[in-house]
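With mmCIF, C-alpha atoms and all ligand atoms inside, this is upload03.cif:
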data_upload
#
loop_
_atom_site.group_PDB
_atom_site.id
_atom_site.type_symbol
_atom_site.label_atom_id
_atom_site.label_comp_id
_atom_site.auth_asym_id
_atom_site.auth_seq_id
_atom_site.Cartn_x
_atom_site.Cartn_y
_atom_site.Cartn_z
ATOM 1 C CA MET Y 12 83.884 119.467 106.218
ATOM 2 C CA ASN Y 13 83.459 116.999 103.422
ATOM 3 C CA ARG Y 14 83.664 119.197 100.376
ATOM 4 C CA LYS Y 15 82.063 116.608 98.150
ATOM 5 C CA GLN Y 16 78.932 117.066 100.227
ATOM 6 C CA LEU Y 17 78.805 120.816 99.964
ATOM 7 C CA GLY Y 18 76.317 120.826 97.139
ATOM 8 C CA VAL Y 19 77.907 124.035 95.993
ATOM 9 C CA VAL Y 20 77.890 124.899 92.356
ATOM 10 C CA MET Y 21 80.226 127.246 90.574
ATOM 11 C CA ALA Y 22 78.303 128.067 87.483
ATOM 12 C CA ALA Y 23 79.615 129.179 84.130
ATOM 13 C CA GLY Y 24 76.437 129.390 82.099
ATOM 14 C CA VAL Y 25 75.298 125.922 83.029
ATOM 15 C CA VAL Y 26 74.775 124.481 86.442
ATOM 16 C CA VAL Y 27 77.196 121.715 87.124
ATOM 17 C CA ALA Y 28 77.783 120.205 90.519
ATOM 18 C CA VAL Y 29 81.496 120.390 91.051
ATOM 19 C CA VAL Y 30 83.764 119.251 93.781
ATOM 20 C CA LEU Y 31 85.232 122.336 95.345
ATOM 21 C CA GLY Y 32 88.945 122.670 95.185
ATOM 22 C CA ALA Y 33 91.562 125.206 96.060
ATOM 23 C CA GLY Y 34 91.501 126.563 92.513
ATOM 24 C CA ILE Y 35 87.985 127.823 92.824
ATOM 25 C CA TYR Y 36 88.666 129.417 96.148
ATOM 26 C CA GLY Y 37 90.468 132.446 94.777
ATOM 27 C CA ALA Y 38 87.585 133.392 92.507
ATOM 28 C CA LEU Y 39 85.659 134.835 95.408
ATOM 29 C CA GLN Y 40 86.193 138.465 96.218
ATOM 30 C CA ALA Y 41 85.260 140.203 99.413
ATOM 31 C CA PRO Y 42 82.319 142.616 99.148
ATOM 32 C CA GLU Y 43 83.280 145.808 97.343
ATOM 33 C CA THR Y 44 80.132 147.821 97.826
ATOM 34 C CA HIS Y 45 79.793 150.451 100.536
ATOM 35 C CA ASP Y 46 77.732 147.793 102.276
ATOM 36 C CA HIS Y 47 80.473 145.553 103.604
ATOM 37 C CA ARG Y 48 78.197 142.602 104.064
ATOM 38 C CA TRP Y 49 78.139 139.656 101.694
ATOM 39 C CA GLN Y 50 75.194 139.906 99.348
ATOM 40 C CA VAL Y 51 73.059 136.777 99.429
ATOM 41 C CA VAL Y 52 70.039 135.894 97.336
ATOM 42 C CA ALA Y 53 67.760 133.135 98.616
ATOM 43 C CA THR Y 54 64.856 131.884 96.565
ATOM 44 C CA PHE Y 55 62.398 131.769 99.460
ATOM 45 C CA TYR Y 56 61.858 132.514 103.130
ATOM 46 C CA PRO Y 57 63.111 129.379 104.951
ATOM 47 C CA LEU Y 58 66.483 129.597 103.209
ATOM 48 C CA ALA Y 59 66.689 133.339 103.842
ATOM 49 C CA TYR Y 60 65.922 132.672 107.499
ATOM 50 C CA MET Y 61 68.664 130.053 107.748
ATOM 51 C CA THR Y 62 71.182 132.265 105.960
ATOM 52 C CA GLN Y 63 70.416 135.214 108.225
ATOM 53 C CA ALA Y 64 70.528 133.022 111.324
ATOM 54 C CA ILE Y 65 74.017 131.785 110.460
ATOM 55 C CA GLY Y 66 75.413 134.794 108.606
ATOM 56 C CA GLY Y 67 74.219 137.423 111.078
ATOM 57 C CA GLU Y 68 75.828 140.822 110.632
ATOM 58 C CA HIS Y 69 78.061 139.666 107.781
ATOM 59 C CA VAL Y 70 75.276 139.004 105.292
ATOM 60 C CA SER Y 71 72.585 141.006 103.566
ATOM 61 C CA VAL Y 72 69.889 138.601 102.388
ATOM 62 C CA HIS Y 73 67.462 139.283 99.573
ATOM 63 C CA THR Y 74 64.534 136.877 99.116
ATOM 64 C CA LEU Y 75 63.127 136.348 95.625
ATOM 65 C CA VAL Y 76 59.679 134.881 96.337
ATOM 66 C CA PRO Y 77 57.618 137.337 98.426
ATOM 67 C CA ALA Y 78 56.624 136.094 101.885
ATOM 68 C CA ASN Y 79 53.623 133.782 102.025
ATOM 69 C CA THR Y 80 53.282 133.488 98.270
ATOM 70 C CA ASP Y 81 52.455 130.110 96.776
ATOM 71 C CA ILE Y 82 55.915 129.088 95.675
ATOM 72 C CA HIS Y 83 54.618 126.326 93.399
ATOM 73 C CA SER Y 84 53.115 128.776 90.948
ATOM 74 C CA TRP Y 85 55.594 131.653 91.304
ATOM 75 C CA GLN Y 86 57.704 132.764 88.361
ATOM 76 C CA PRO Y 87 60.484 135.362 88.424
ATOM 77 C CA SER Y 88 60.159 138.646 86.548
ATOM 78 C CA PHE Y 89 63.032 140.491 84.924
ATOM 79 C CA SER Y 90 63.429 142.639 88.022
ATOM 80 C CA ASP Y 91 63.687 139.515 90.190
ATOM 81 C CA ILE Y 92 66.418 138.201 87.937
ATOM 82 C CA TYR Y 93 68.155 141.560 87.992
ATOM 83 C CA ALA Y 94 68.005 141.591 91.815
ATOM 84 C CA ALA Y 95 69.967 138.363 91.861
ATOM 85 C CA ASP Y 96 72.828 139.853 89.893
ATOM 86 C CA ASN Y 97 75.948 140.783 91.863
ATOM 87 C CA ALA Y 98 75.070 138.354 94.639
ATOM 88 C CA HIS Y 99 78.087 136.679 96.216
ATOM 89 C CA LEU Y 100 76.032 133.716 97.300
ATOM 90 C CA LEU Y 101 72.879 132.320 95.700
ATOM 91 C CA VAL Y 102 70.868 129.788 97.666
ATOM 92 C CA TYR Y 103 67.995 127.710 96.369
ATOM 93 C CA ASN Y 104 65.936 124.742 97.483
ATOM 94 C CA GLY Y 105 66.275 122.381 94.546
ATOM 95 C CA ALA Y 106 64.161 119.191 94.556
ATOM 96 C CA HIS Y 107 62.150 120.840 91.754
ATOM 97 C CA LEU Y 108 60.645 123.386 94.154
ATOM 98 C CA ASP Y 109 62.236 126.371 92.432
ATOM 99 C CA PRO Y 110 63.182 125.041 88.979
ATOM 100 C CA TRP Y 111 63.002 128.578 87.548
ATOM 101 C CA PHE Y 112 66.118 129.364 89.527
ATOM 102 C CA GLU Y 113 68.244 126.989 87.465
ATOM 103 C CA GLU Y 114 66.272 127.506 84.271
ATOM 104 C CA ASP Y 115 65.684 131.267 84.206
ATOM 105 C CA VAL Y 116 67.678 133.072 86.866
ATOM 106 C CA LEU Y 117 71.133 131.498 86.766
ATOM 107 C CA PRO Y 118 71.569 131.544 82.973
ATOM 108 C CA ALA Y 119 70.735 135.267 82.943
ATOM 109 C CA LEU Y 120 73.347 136.219 85.524
ATOM 110 C CA ASP Y 121 77.053 136.770 85.460
ATOM 111 C CA ILE Y 122 77.824 134.453 88.328
ATOM 112 C CA ARG Y 123 81.426 133.600 87.630
ATOM 113 C CA ASP Y 124 82.350 135.113 90.990
ATOM 114 C CA SER Y 125 79.382 133.714 92.876
ATOM 115 C CA LEU Y 126 78.728 130.628 94.892
ATOM 116 C CA VAL Y 127 75.528 128.776 94.082
ATOM 117 C CA VAL Y 128 74.141 126.342 96.622
ATOM 118 C CA ASN Y 129 71.522 123.720 95.952
ATOM 119 C CA THR Y 130 70.539 123.098 99.568
ATOM 120 C CA THR Y 131 68.946 119.720 98.886
ATOM 121 C CA ALA Y 132 71.911 118.301 96.948
ATOM 122 C CA ASN Y 133 72.613 115.922 99.839
ATOM 123 C CA VAL Y 134 69.049 115.347 101.002
ATOM 124 C CA SER Y 135 67.496 111.943 100.332
ATOM 125 C CA LEU Y 136 64.444 113.080 98.436
ATOM 126 C CA ILE Y 137 61.223 111.148 98.802
ATOM 127 C CA SER Y 138 58.572 110.653 96.196
ATOM 128 C CA GLY Y 139 55.551 112.889 96.234
ATOM 129 C CA ARG Y 140 53.071 114.732 94.124
ATOM 130 C CA GLY Y 141 55.489 117.416 93.022
ATOM 131 C CA THR Y 142 56.890 117.725 89.543
ATOM 132 C CA HIS Y 143 59.098 114.782 88.600
ATOM 133 C CA GLY Y 144 57.362 112.742 91.308
ATOM 134 C CA VAL Y 145 59.557 114.288 93.995
ATOM 135 C CA ASP Y 146 58.288 115.843 97.216
ATOM 136 C CA PRO Y 147 59.927 119.301 97.319
ATOM 137 C CA HIS Y 148 58.857 120.258 100.897
ATOM 138 C CA THR Y 149 62.181 119.437 102.526
ATOM 139 C CA TRP Y 150 62.296 122.534 104.793
ATOM 140 C CA VAL Y 151 59.123 121.539 106.653
ATOM 141 C CA ALA Y 152 60.749 118.725 108.670
ATOM 142 C CA PRO Y 153 63.584 119.400 111.148
ATOM 143 C CA PRO Y 154 66.055 116.730 109.905
ATOM 144 C CA THR Y 155 65.935 117.762 106.243
ATOM 145 C CA ALA Y 156 65.885 121.444 107.198
ATOM 146 C CA HIS Y 157 69.006 120.741 109.254
ATOM 147 C CA GLN Y 158 70.777 119.338 106.192
ATOM 148 C CA GLN Y 159 69.795 122.384 104.158
ATOM 149 C CA ALA Y 160 70.999 124.785 106.839
ATOM 150 C CA ARG Y 161 74.283 122.912 107.058
ATOM 151 C CA SER Y 162 74.915 123.394 103.352
ATOM 152 C CA ILE Y 163 74.387 127.142 103.813
ATOM 153 C CA TYR Y 164 76.744 127.185 106.800
ATOM 154 C CA GLU Y 165 79.434 125.363 104.821
ATOM 155 C CA ALA Y 166 79.046 127.753 101.903
ATOM 156 C CA LEU Y 167 79.373 130.804 104.183
ATOM 157 C CA VAL Y 168 82.571 129.428 105.721
ATOM 158 C CA TYR Y 169 83.926 128.591 102.290
ATOM 159 C CA MET Y 170 83.096 132.056 101.002
ATOM 160 C CA ASP Y 171 84.298 133.950 104.054
ATOM 161 C CA PRO Y 172 86.791 131.856 106.056
ATOM 162 C CA ALA Y 173 87.903 134.931 107.987
ATOM 163 C CA HIS Y 174 84.652 134.779 109.939
ATOM 164 C CA GLN Y 175 84.520 131.016 110.357
ATOM 165 C CA GLU Y 176 84.341 131.231 114.147
ATOM 166 C CA TYR Y 177 81.435 133.643 113.998
ATOM 167 C CA TYR Y 178 79.503 131.454 111.544
ATOM 168 C CA SER Y 179 80.304 128.285 113.476
ATOM 169 C CA ARG Y 180 78.985 129.711 116.707
ATOM 170 C CA ARG Y 181 75.720 130.750 115.070
ATOM 171 C CA TRP Y 182 75.442 127.484 113.135
ATOM 172 C CA GLU Y 183 75.848 125.525 116.389
ATOM 173 C CA ASN Y 184 72.960 127.494 117.808
ATOM 174 C CA LEU Y 185 70.661 126.876 114.827
ATOM 175 C CA SER Y 186 71.766 123.256 114.574
ATOM 176 C CA GLN Y 187 70.956 122.737 118.251
ATOM 177 C CA ARG Y 188 67.492 124.225 117.879
ATOM 178 C CA LEU Y 189 66.701 122.018 114.884
ATOM 179 C CA THR Y 190 68.100 118.920 116.591
ATOM 180 C CA ASP Y 191 66.087 119.699 119.701
ATOM 181 C CA LEU Y 192 62.942 120.093 117.592
ATOM 182 C CA ASP Y 193 63.686 116.805 115.858
ATOM 183 C CA HIS Y 194 63.957 115.005 119.193
ATOM 184 C CA ARG Y 195 60.732 116.520 120.431
ATOM 185 C CA TYR Y 196 58.866 115.664 117.224
ATOM 186 C CA ALA Y 197 60.156 112.096 117.449
ATOM 187 C CA ALA Y 198 59.330 111.672 121.146
ATOM 188 C CA SER Y 199 55.855 113.227 120.917
ATOM 189 C CA LEU Y 200 54.710 111.645 117.696
ATOM 190 C CA ALA Y 201 56.095 108.170 118.373
ATOM 191 C CA SER Y 202 53.907 107.905 121.472
ATOM 192 C CA ALA Y 203 50.791 109.421 119.889
ATOM 193 C CA PRO Y 204 47.749 107.111 119.729
ATOM 194 C CA LYS Y 205 47.090 108.063 116.102
ATOM 195 C CA ASP Y 206 49.450 108.072 113.166
ATOM 196 C CA VAL Y 207 47.517 109.500 110.232
ATOM 197 C CA ILE Y 208 47.138 113.129 109.209
ATOM 198 C CA PHE Y 209 44.615 114.543 106.778
ATOM 199 C CA VAL Y 210 45.888 117.662 105.082
ATOM 200 C CA THR Y 211 44.696 120.083 102.413
ATOM 201 C CA HIS Y 212 48.170 120.440 100.915
ATOM 202 C CA ALA Y 213 50.619 117.563 100.447
ATOM 203 C CA ALA Y 214 53.464 119.423 102.143
ATOM 204 C CA TYR Y 215 54.226 117.112 105.050
ATOM 205 C CA GLY Y 216 55.772 114.081 103.380
ATOM 206 C CA TYR Y 217 59.129 114.514 105.134
ATOM 207 C CA LEU Y 218 57.415 114.916 108.492
ATOM 208 C CA ALA Y 219 55.329 111.821 107.818
ATOM 209 C CA GLN Y 220 58.309 109.781 106.744
ATOM 210 C CA GLY Y 221 60.524 111.003 109.576
ATOM 211 C CA TYR Y 222 58.062 110.414 112.383
ATOM 212 C CA GLY Y 223 56.074 107.400 111.248
ATOM 213 C CA LEU Y 224 52.931 109.163 110.071
ATOM 214 C CA THR Y 225 50.800 108.626 106.996
ATOM 215 C CA GLN Y 226 49.741 111.755 105.143
ATOM 216 C CA TYR Y 227 46.435 111.829 103.286
ATOM 217 C CA ALA Y 228 46.188 114.912 101.136
ATOM 218 C CA ILE Y 229 43.074 116.015 99.329
ATOM 219 C CA THR Y 230 44.930 118.158 96.831
ATOM 220 C CA GLY Y 231 48.393 118.077 95.395
ATOM 221 C CA ILE Y 232 50.939 120.790 95.794
ATOM 222 C CA SER Y 233 49.230 123.728 94.115
ATOM 223 C CA ALA Y 234 47.554 125.974 96.690
ATOM 224 C CA ASP Y 235 44.695 127.020 94.418
ATOM 225 C CA GLU Y 236 43.770 123.489 93.440
ATOM 226 C CA GLN Y 237 40.197 122.588 94.392
ATOM 227 C CA PRO Y 238 39.488 119.145 95.828
ATOM 228 C CA SER Y 239 37.573 116.908 93.441
ATOM 229 C CA THR Y 240 34.479 114.996 94.477
ATOM 230 C CA ALA Y 241 36.478 111.782 94.198
ATOM 231 C CA ALA Y 242 39.237 113.201 96.425
ATOM 232 C CA LEU Y 243 36.662 114.249 99.019
ATOM 233 C CA LYS Y 244 35.077 110.797 98.985
ATOM 234 C CA THR Y 245 38.478 109.138 99.480
ATOM 235 C CA LEU Y 246 39.207 111.531 102.346
ATOM 236 C CA VAL Y 247 35.872 110.800 104.053
ATOM 237 C CA ASP Y 248 36.423 107.048 103.672
ATOM 238 C CA SER Y 249 39.899 107.327 105.190
ATOM 239 C CA MET Y 250 38.720 109.527 108.051
ATOM 240 C CA GLU Y 251 35.973 107.052 108.887
ATOM 241 C CA TYR Y 252 38.345 104.115 108.601
ATOM 242 C CA HIS Y 253 40.860 105.752 110.960
ATOM 243 C CA HIS Y 254 38.227 107.337 113.251
ATOM 244 C CA THR Y 255 40.103 110.595 112.862
ATOM 245 C CA TYR Y 256 38.171 113.776 112.246
ATOM 246 C CA VAL Y 257 40.912 116.355 112.286
ATOM 247 C CA LEU Y 258 41.758 118.226 109.111
ATOM 248 C CA TYR Y 259 45.004 120.154 108.791
ATOM 249 C CA VAL Y 260 44.785 123.184 106.570
ATOM 250 C CA ASN Y 261 47.509 125.139 104.894
ATOM 251 C CA PRO Y 262 47.178 128.620 106.463
ATOM 252 C CA LEU Y 263 47.874 130.173 103.061
ATOM 253 C CA HIS Y 264 44.405 128.994 102.059
ATOM 254 C CA SER Y 265 41.491 131.124 103.130
ATOM 255 C CA GLU Y 266 39.620 130.325 106.335
ATOM 256 C CA ARG Y 267 36.419 130.321 104.297
ATOM 257 C CA GLU Y 268 37.620 127.395 102.172
ATOM 258 C CA ALA Y 269 38.537 125.476 105.307
ATOM 259 C CA GLN Y 270 35.106 126.105 106.812
ATOM 260 C CA ALA Y 271 33.369 125.020 103.598
ATOM 261 C CA LEU Y 272 35.442 121.855 103.600
ATOM 262 C CA LYS Y 273 34.649 121.235 107.265
ATOM 263 C CA GLN Y 274 30.917 121.546 106.572
ATOM 264 C CA THR Y 275 31.149 119.171 103.627
ATOM 265 C CA LEU Y 276 33.098 116.622 105.659
ATOM 266 C CA GLU Y 277 30.767 116.907 108.641
ATOM 267 C CA GLY Y 278 27.776 116.435 106.343
ATOM 268 C CA ARG Y 279 29.293 113.305 104.860
ATOM 269 C CA THR Y 280 30.799 111.726 107.991
ATOM 270 C CA GLY Y 281 28.198 112.846 110.516
ATOM 271 C CA GLN Y 282 31.091 113.664 112.868
ATOM 272 C CA PRO Y 283 32.340 117.040 114.072
ATOM 273 C CA VAL Y 284 35.515 117.830 112.168
ATOM 274 C CA THR Y 285 38.248 119.872 113.849
ATOM 275 C CA ILE Y 286 40.313 122.220 111.704
ATOM 276 C CA LEU Y 287 43.918 122.769 112.737
ATOM 277 C CA ARG Y 288 46.726 124.628 111.027
ATOM 278 C CA LEU Y 289 49.949 123.203 109.727
ATOM 279 C CA TYR Y 290 52.254 125.919 108.565
ATOM 280 C CA VAL Y 291 54.170 125.570 105.330
ATOM 281 C CA MET Y 292 56.538 128.302 106.556
ATOM 282 C CA LEU Y 293 56.734 130.448 103.438
ATOM 283 C CA GLY Y 294 57.001 133.628 105.472
ATOM 284 C CA PRO Y 295 56.457 134.978 108.968
ATOM 285 C CA MET Y 296 52.811 134.327 109.901
ATOM 286 C CA ASP Y 297 50.648 134.939 112.975
ATOM 287 C CA GLY Y 298 53.678 136.634 114.525
ATOM 288 C CA LEU Y 299 55.680 133.411 114.214
ATOM 289 C CA ASP Y 300 58.973 133.025 112.387
ATOM 290 C CA TYR Y 301 60.194 129.886 110.623
ATOM 291 C CA LEU Y 302 61.274 127.903 113.688
ATOM 292 C CA GLN Y 303 58.342 129.106 115.762
ATOM 293 C CA GLN Y 304 55.987 127.816 113.055
ATOM 294 C CA MET Y 305 57.800 124.483 113.241
ATOM 295 C CA GLU Y 306 57.198 124.547 117.014
ATOM 296 C CA GLN Y 307 53.522 125.343 116.530
ATOM 297 C CA ASN Y 308 53.155 122.571 113.944
ATOM 298 C CA LEU Y 309 54.385 120.117 116.562
ATOM 299 C CA GLU Y 310 51.795 121.378 119.061
ATOM 300 C CA ASN Y 311 49.018 121.107 116.479
ATOM 301 C CA LEU Y 312 50.143 117.623 115.449
ATOM 302 C CA LYS Y 313 50.145 116.520 119.089
ATOM 303 C CA THR Y 314 46.599 117.842 119.445
ATOM 304 C CA GLY Y 315 45.365 116.139 116.297
ATOM 305 C CA LEU Y 316 47.084 112.831 117.020
ATOM 306 C CA GLY Y 317 46.017 112.735 120.650
ATOM 307 C CA ALA Y 318 49.574 112.883 121.994
ATOM 308 C CA ALA Y 319 50.132 113.925 125.575
HETATM 309 ZN ZN ZN D 401 53.849 123.187 98.881
#
Final structure tokens representation of the file:
Amino acid sequence: MNRKQLGVVMAAGVVVAVVLGAGIYGALQAPETHDHRWQVVATFYPLAYMTQAIGGEHVSVHTLVPANTDIHSWQPSFSDIYAADNAHLLVYNGAHLDPWFEEDVLPALDIRDSLVVNTTANVSLISGRGTHGVDPHTWVAPPTAHQQARSIYEALVYMDPAHQEYYSRRWENLSQRLTDLDHRYAASLASAPKDVIFVTHAAYGYLAQGYGLTQYAITGISADEQPSTAALKTLVDSMEYHHTYVLYVNPLHSEREAQALKQTLEGRTGQPVTILRLYVMLGPMDGLDYLQQMEQNLENLKTGLGAA
């Protein structure tokens, strides 16, 4: 393991990325509660999923943002901050997705004995419509999700070397599933006749970049943002230009909004518009967990792009 790439932060009031050394090692204590599992706090579902997948029976994971809540507008309450206290391991997305974690949660906690992991510390971030011009949706694409999961794996081994074999076995399993998904995304999308996607939420920048697609989004990153007339006109023009009448909706938006949008687009283009879902994976949905939603996204992309 290259420790410089861990992206782990030992915080003492301020968040400073430090290179881990032997001196820090001894600061970590084994769990002392009656619950002998390591207490982990993850800011949102995909990271909690990864942590549970790797940590298994040795971790107890608490998620701050409730499942399927618009993470872009979420803010922690005092009780959320309190819930993060006493965690052995704190895991967040970074990339300005959960800035409140660094700004509000960490400074309020006594985390001298905790490990803090910014899971995107080693991810090459791409520009997007998020705050600071960065696309925060790293967990949506298999390769960037893989990097995030690896940072969690490395932190678990660092925190609890006694169970390294256990974590490694489970990490290999998760890593293999993500790598397999990556290969299937690449193979399916590279051969697809079309290479543009029209989406209601600009959450697929890493997918687009990774698999040679262009993403046209009619709103930015806030789920309750309404498309402007100008945005709709641009979308219609692009759809007509690319002869593509498939619209991908964020399933966190209501079906009614999607139908209204479909009617508007059909009225303007004169073409039947197909609505398909692309999950943003902020919680289990339609009976699908994080990786299953990634699987389903691939199927829906293949459908929309005309891939075999
Ligand atoms: Zn988003």
Care to translate the PyMOL selection byres (((not hetatm)) within 12 of (chain D and resi 401)) into actual residues of this file, as a ChimeraX atom specification? /Y:79-85,106-109,139-142,145-151,210-217,228,230-236,260-264,289-293
Of the candidates Y:Ala271, Y:Ala198, Y:Val257, Y:Ala318, which shows the shortest atom-to-atom distance to Arg288 in chain Y, using all atoms listed in the file? Y:Val257
Rank nothing, just name the residue among Y:Thr54, Y:Ser135, Y:Ser186, Y:Gln307 nearest to Glu113 in chain Y, using only C-alpha atoms.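 Under the stated criterion, the closest residue is Y:Thr54.
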At what distance in Å, to one decimal, does CA of Gln63 in chain Y lie from CA of Ile163 in chain Y?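 Interatomic distance here is 10.0 Å.
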I'd like the contact shell of Pro153 in chain Y - 10 Å cut-off, all atoms listed in the file, skipping same-chain residues fewer than 5 positions apart - returned as JSON, numbers by chain. {"Y": [158, 159, 186, 188, 189, 190, 191, 192, 193, 194, 196, 217, 218, 221, 302, 305]}
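Point (69.6, 130.1, 109.6) has the following residues at most 10 Å away: Pro57, Leu58, Ala59, Tyr60, Met61, Thr62, Gln63, Ala64, Ile65, Gly66, Gly67, Ala156, His157, Gln159, Ala160, Arg161, Ile163, Tyr164, Arg181, Trp182, Asn184, Leu185, Ser186, Tyr301 and Leu302 of chain Y (atoms considered: all atoms listed in the file).
CA of Glu165 in chain Y lies 14.7 Å from CA of His69 in chain Y.
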What is the distance between CA of Leu287 in chain Y and CA of Ala78 in chain Y, in Å to one decimal? 21.4 Å
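The closest residue to Ala53 in chain Y, picked from Y:Leu299, Y:Ala269, Y:Leu136, Y:Val70 and counting all atoms listed in the file, is Y:Val70.
Nearest residue to Val247 in chain Y among Y:Val284, Y:Leu75, Y:Leu100, Y:Ile137 is Y:Val284, counting only C-alpha atoms.
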Using all atoms listed in the file, which residue out of Y:Trp49, Y:Tyr259, Y:Tyr222, Y:Tyr177 lies closest to Asn308 in chain Y?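 Checking each of Y:Trp49, Y:Tyr259, Y:Tyr222, Y:Tyr177 against Asn308 in chain Y, counting all atoms listed in the file, the winner is Y:Tyr259.
With distances taken over all atoms listed in the file, Y:Arg48 is the one residue among Y:Ser138, Y:Arg48, Y:Asp115, Y:Val76 lying closest to Ala98 in chain Y.
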If you count all atoms listed in the file, which residues fall within 10 Å of Lys273 in chain Y, apart from same-chain ones fewer than 6 positions away, as a list in words?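 Those residues are Tyr256, Val257, Leu258, Arg267, Arg279, Pro283, Val284, Thr285 and Ile286 of chain Y.
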